[in-house]
Amino acid sequence: MNKQFIAGNWKMNLTLDEARDLATKICGTLANSDVVDVGVFPSYVFLNDICGILNGSNVVVGAQDMNNENSGAFTGEVSGPMLRDVGCTHVIIGHSERRIIFHETNSIINLKIKAALSYGLSPIFCVGEKQEERDADRTNDIVGSQLSCGLESLTAEQVKELTIAYEPVWAIGTGKTASPEQANEVHAFIRSAIESEYDNDTAKNIRIQYGGSVNPKNAKDLLGQPEIDGALVGGASLEPNSFLEIISAAAGL
Ligand code: PEP
């Protein structure tokens, strides 16, 4: 098992005051702890503030998406260099909400991952099947093709910079969680796919988070699975106590 990485995806939630308060509470509680890696992913407009609050702490800050271009006429978009400028070290790429609502394809996601790495940002690359794909027994096909397209032409050295988040779409924001065994099985599949494409060392060391309705009650069982190296948390990351309890569950493994 790798060092656990617990990341909070705040999505399009919170006011600026609430975001500042949440970051301050997380940072205050985790002051000297580095047993678990922790990250928060606020909205773009709060990144500068939250990076300021968490600067010098053990909590990393990232964006929820980025454009693959460096700069230019892309109204409404944010680039990797801009994220670096405000102090981000991480970025979520390929979240199912980006894939489904904003029609992001595997090839766009591949471009974004390459761009993020070229700007020194560490991507959390999200993959996961929809309910109907699981029902049709296509989970491994779908996740396998998201992986191979998303990682196309990346070297093992580049892949080592990534975290992968397995997020079954049917478990995101639904209160329906994959069982620890179901999640572990897909994580093992992801690791074996990385091993076949790259090598054993890359597969063993890459962190694979689980995401989908993780909360303080189910965190210990999920995170205790041998192939699960952390969690990407949506709803439960918006409240300091529940996020901190998930981090404690990871720390206690
Ligand atoms: C997510 O959006 O990545 C997520 C896992 O959300 P939730 O924890 O709310 O299911």
# chains A, B, ... in the order shown; residues from 1 in each chain; ligands from 1
>>> residues_around(residues="Glu97 of chain A", least_positions_apart="4", cutoff="10 Å", atoms="only C-alpha atoms", output="list in words")
Lys11, Ile101, Phe102, His103, Glu104, Val169 and Ile172 of chain A
>>> write_last_selection(atoms="all heavy atoms", output="short mmCIF file (atom, residue, chain, number, x, y, z; two decimals), in the first residue's frame")
data_model
loop_
_atom_site.label_atom_id
_atom_site.label_comp_id
_atom_site.auth_asym_id
_atom_site.auth_seq_id
_atom_site.Cartn_x
_atom_site.Cartn_y
_atom_site.Cartn_z
N LYS A 11 -15.84 21.33 -6.00
CA LYS A 11 -16.76 21.59 -7.14
C LYS A 11 -17.21 23.05 -7.14
O LYS A 11 -16.47 23.94 -6.72
CB LYS A 11 -17.94 20.62 -7.11
CG LYS A 11 -17.51 19.17 -7.01
CD LYS A 11 -18.62 18.21 -7.30
CE LYS A 11 -18.14 16.80 -7.06
NZ LYS A 11 -19.10 15.79 -7.48
N ILE A 101 -20.98 16.38 -18.73
CA ILE A 101 -21.70 17.66 -18.91
C ILE A 101 -21.00 18.52 -19.97
O ILE A 101 -21.64 19.21 -20.74
CB ILE A 101 -21.79 18.44 -17.57
CG1 ILE A 101 -22.43 17.56 -16.49
CG2 ILE A 101 -22.58 19.75 -17.74
CD1 ILE A 101 -22.35 18.13 -15.08
N PHE A 102 -19.66 18.47 -19.98
CA PHE A 102 -18.91 19.35 -20.89
C PHE A 102 -18.31 18.59 -22.08
O PHE A 102 -17.46 19.13 -22.79
CB PHE A 102 -17.84 20.12 -20.09
CG PHE A 102 -18.46 20.95 -18.99
CD1 PHE A 102 -18.45 20.51 -17.68
CD2 PHE A 102 -19.10 22.14 -19.29
CE1 PHE A 102 -19.06 21.25 -16.66
CE2 PHE A 102 -19.72 22.89 -18.29
CZ PHE A 102 -19.69 22.44 -16.97
N HIS A 103 -18.73 17.34 -22.25
CA HIS A 103 -18.39 16.54 -23.44
C HIS A 103 -16.88 16.41 -23.65
O HIS A 103 -16.41 16.45 -24.80
CB HIS A 103 -19.07 17.12 -24.70
CG HIS A 103 -20.53 17.39 -24.47
ND1 HIS A 103 -21.43 16.37 -24.24
CD2 HIS A 103 -21.23 18.55 -24.37
CE1 HIS A 103 -22.62 16.89 -24.02
NE2 HIS A 103 -22.52 18.21 -24.08
N GLU A 104 -16.13 16.27 -22.59
CA GLU A 104 -14.68 16.08 -22.77
C GLU A 104 -14.40 14.65 -23.23
O GLU A 104 -14.88 13.70 -22.62
CB GLU A 104 -13.94 16.35 -21.45
CG GLU A 104 -13.76 17.82 -21.23
CD GLU A 104 -12.83 18.15 -20.07
OE1 GLU A 104 -12.05 17.28 -19.62
OE2 GLU A 104 -12.91 19.29 -19.62
N VAL A 169 -19.19 6.30 -12.03
CA VAL A 169 -20.09 7.45 -12.20
C VAL A 169 -21.36 7.28 -11.36
O VAL A 169 -21.87 8.23 -10.78
CB VAL A 169 -20.43 7.63 -13.70
CG1 VAL A 169 -21.40 8.78 -13.91
CG2 VAL A 169 -19.16 7.87 -14.51
N ILE A 172 -21.07 8.69 -7.76
CA ILE A 172 -20.69 10.07 -7.48
C ILE A 172 -21.90 10.90 -7.09
O ILE A 172 -22.84 11.05 -7.89
CB ILE A 172 -19.96 10.71 -8.68
CG1 ILE A 172 -18.66 9.94 -8.93
CG2 ILE A 172 -19.67 12.18 -8.44
CD1 ILE A 172 -17.84 10.48 -10.06
#
>>> residues_around(residues="Gln225 of chain A", least_positions_apart="5", cutoff="8 Å", atoms="only C-alpha atoms", output="list in words")
Pro180, Glu181 and Asn184 of chain A
>>> write_last_selection(atoms="N, CA, C and O atoms", output="compact mmCIF listing (two decimals), in the first residue's frame")
# COMPACT_ATOMS: atom_id res chain seq x y z
N PRO A 180 -16.24 -2.14 -0.85
CA PRO A 180 -14.78 -2.16 -0.82
C PRO A 180 -14.20 -3.19 -1.79
O PRO A 180 -13.22 -2.95 -2.48
N GLU A 181 -14.88 -4.34 -1.90
CA GLU A 181 -14.38 -5.40 -2.78
C GLU A 181 -14.53 -5.01 -4.26
O GLU A 181 -13.63 -5.24 -5.06
N ASN A 184 -11.88 -2.42 -4.94
CA ASN A 184 -10.54 -3.02 -4.95
C ASN A 184 -10.28 -3.79 -6.24
O ASN A 184 -9.18 -3.75 -6.80
>>> residues_near_ligand(ligand="ligand 1", cutoff="10 Å", atoms="only C-alpha atoms and all ligand atoms", output="PyMOL selection string")
chain A and resi 7-11+64+92+95-97+126+165-177+209-215+231-238
>>> closest_residue(among="A:Leu83, A:Ile228, A:Ile124, A:Ala183", to="Lys160 of chain A", atoms="only C-alpha atoms")
A:Ile124
>>> atom_distance(atom1="atom CA of Val143 of chain A", atom2="atom CA of Val127 of chain A")
6.0 Å
>>> select_by_dssp(residues="segment 58-250 of chain A", states="strand (DSSP E or B)", output="PyMOL selection string")
chain A and resi 59-63+67+79+90-93+122-127+163-166+207-211+230-233
>>> closest_residue(among="A:Glu157, A:Lys3, A:Arg99, A:Gly76", to="Gly252 of chain A", atoms="only C-alpha atoms")
A:Lys3
>>> residues_around(residues="Cys88 of chain A", least_positions_apart="5", cutoff="8 Å", atoms="only C-alpha atoms", output="PyMOL selection string")
chain A and resi 47+51+60-63+83+121
>>> write_last_selection(atoms="all heavy atoms", output="PDB file, in the first residue's frame")
ATOM      1  N   LEU A  47      -8.816  30.095  -5.869  1.00  0.00           N
ATOM      2  CA  LEU A  47      -7.502  29.435  -5.777  1.00  0.00           C
ATOM      3  C   LEU A  47      -6.429  30.345  -5.179  1.00  0.00           C
ATOM      4  O   LEU A  47      -5.631  29.903  -4.346  1.00  0.00           O
ATOM      5  CB  LEU A  47      -7.045  28.952  -7.165  1.00  0.00           C
ATOM      6  CG  LEU A  47      -7.725  27.678  -7.665  1.00  0.00           C
ATOM      7  CD1 LEU A  47      -7.345  27.416  -9.114  1.00  0.00           C
ATOM      8  CD2 LEU A  47      -7.368  26.477  -6.791  1.00  0.00           C
ATOM      9  N   CYS A  51      -4.589  29.211  -1.874  1.00  0.00           N
ATOM     10  CA  CYS A  51      -3.142  28.949  -1.944  1.00  0.00           C
ATOM     11  C   CYS A  51      -2.414  29.811  -0.904  1.00  0.00           C
ATOM     12  O   CYS A  51      -1.477  29.343  -0.252  1.00  0.00           O
ATOM     13  CB  CYS A  51      -2.588  29.242  -3.335  1.00  0.00           C
ATOM     14  SG  CYS A  51      -2.989  27.966  -4.532  1.00  0.00           S
ATOM     15  N   VAL A  60      -1.843  20.414  -0.092  1.00  0.00           N
ATOM     16  CA  VAL A  60      -1.605  20.939  -1.440  1.00  0.00           C
ATOM     17  C   VAL A  60      -2.920  21.463  -2.025  1.00  0.00           C
ATOM     18  O   VAL A  60      -4.002  21.085  -1.590  1.00  0.00           O
ATOM     19  CB  VAL A  60      -0.991  19.866  -2.381  1.00  0.00           C
ATOM     20  CG1 VAL A  60       0.359  19.409  -1.856  1.00  0.00           C
ATOM     21  CG2 VAL A  60      -1.931  18.693  -2.605  1.00  0.00           C
ATOM     22  N   VAL A  61      -2.766  22.346  -3.017  1.00  0.00           N
ATOM     23  CA  VAL A  61      -3.952  22.950  -3.632  1.00  0.00           C
ATOM     24  C   VAL A  61      -3.918  22.692  -5.139  1.00  0.00           C
ATOM     25  O   VAL A  61      -2.855  22.791  -5.773  1.00  0.00           O
ATOM     26  CB  VAL A  61      -3.991  24.482  -3.383  1.00  0.00           C
ATOM     27  CG1 VAL A  61      -5.271  25.088  -3.970  1.00  0.00           C
ATOM     28  CG2 VAL A  61      -3.899  24.791  -1.890  1.00  0.00           C
ATOM     29  N   GLY A  62      -5.077  22.382  -5.684  1.00  0.00           N
ATOM     30  CA  GLY A  62      -5.151  22.156  -7.126  1.00  0.00           C
ATOM     31  C   GLY A  62      -6.444  22.693  -7.694  1.00  0.00           C
ATOM     32  O   GLY A  62      -7.363  23.079  -6.962  1.00  0.00           O
ATOM     33  N   ALA A  63      -6.501  22.705  -9.033  1.00  0.00           N
ATOM     34  CA  ALA A  63      -7.721  23.141  -9.726  1.00  0.00           C
ATOM     35  C   ALA A  63      -8.530  21.911 -10.136  1.00  0.00           C
ATOM     36  O   ALA A  63      -8.023  20.787 -10.135  1.00  0.00           O
ATOM     37  CB  ALA A  63      -7.332  23.959 -10.947  1.00  0.00           C
ATOM     38  N   LEU A  83      -2.405  28.485 -13.352  1.00  0.00           N
ATOM     39  CA  LEU A  83      -2.564  27.720 -12.106  1.00  0.00           C
ATOM     40  C   LEU A  83      -1.248  27.704 -11.323  1.00  0.00           C
ATOM     41  O   LEU A  83      -1.231  27.856 -10.100  1.00  0.00           O
ATOM     42  CB  LEU A  83      -3.023  26.285 -12.401  1.00  0.00           C
ATOM     43  CG  LEU A  83      -4.389  26.146 -13.093  1.00  0.00           C
ATOM     44  CD1 LEU A  83      -4.727  24.683 -13.330  1.00  0.00           C
ATOM     45  CD2 LEU A  83      -5.484  26.803 -12.259  1.00  0.00           C
ATOM     46  N   LEU A 121       2.489  20.514 -13.171  1.00  0.00           N
ATOM     47  CA  LEU A 121       1.319  20.241 -12.322  1.00  0.00           C
ATOM     48  C   LEU A 121       1.081  18.735 -12.279  1.00  0.00           C
ATOM     49  O   LEU A 121       1.195  18.059 -13.307  1.00  0.00           O
ATOM     50  CB  LEU A 121       0.078  20.915 -12.911  1.00  0.00           C
ATOM     51  CG  LEU A 121       0.071  22.444 -12.865  1.00  0.00           C
ATOM     52  CD1 LEU A 121      -0.925  23.013 -13.886  1.00  0.00           C
ATOM     53  CD2 LEU A 121      -0.286  22.929 -11.462  1.00  0.00           C
TER      54      LEU A 121
END
>>> residues_around(residues="Asn68 of chain A", least_positions_apart="6", cutoff="10 Å", atoms="only C-alpha atoms", output="number ranges by chain")
A: 77-80, 108-116
>>> residues_around(residues="Pro216 of chain A", least_positions_apart="3", cutoff="6 Å", atoms="only C-alpha atoms", output="short mmCIF file (atom, residue, chain, number, x, y, z; two decimals) with N, CA and C atoms, in the first residue's frame")
data_model
loop_
_atom_site.label_atom_id
_atom_site.label_comp_id
_atom_site.auth_asym_id
_atom_site.auth_seq_id
_atom_site.Cartn_x
_atom_site.Cartn_y
_atom_site.Cartn_z
N ALA A 219 -15.22 5.24 5.00
CA ALA A 219 -13.84 5.50 4.59
C ALA A 219 -12.87 4.38 5.03
N SER A 242 -16.18 16.22 8.63
CA SER A 242 -16.28 14.96 7.89
C SER A 242 -15.01 14.73 7.06
N GLU A 245 -12.33 13.59 9.42
CA GLU A 245 -12.54 12.20 9.87
C GLU A 245 -12.08 11.20 8.80
N ILE A 246 -12.29 11.56 7.54
CA ILE A 246 -11.82 10.67 6.46
C ILE A 246 -10.29 10.62 6.48
#
>>> closest_residue(among="A:Asn48, A:Thr163, A:Thr202, A:Ser33", to="Asp85 of chain A", atoms="only C-alpha atoms")
A:Asn48
>>> closest_residue(among="A:Thr105, A:Val86, A:Ile247, A:Phe125", to="Asp65 of chain A", atoms="only C-alpha atoms")
A:Phe125
>>> residues_around(residues="Ile206 of chain A", least_positions_apart="3", cutoff="10 Å", atoms="only C-alpha atoms", output="ChimeraX atom specification")
/A:2,159-164,191,194,201-203,209,229
>>> residues_around(residues="Pro240 of chain A", least_positions_apart="6", cutoff="8 Å", atoms="only C-alpha atoms", output="PyMOL selection string")
chain A and resi 22+25-26
>>> closest_residue(among="A:Met82, A:Leu30, A:Ala23, A:Ala73", to="Tyr44 of chain A", atoms="only C-alpha atoms")
A:Met82
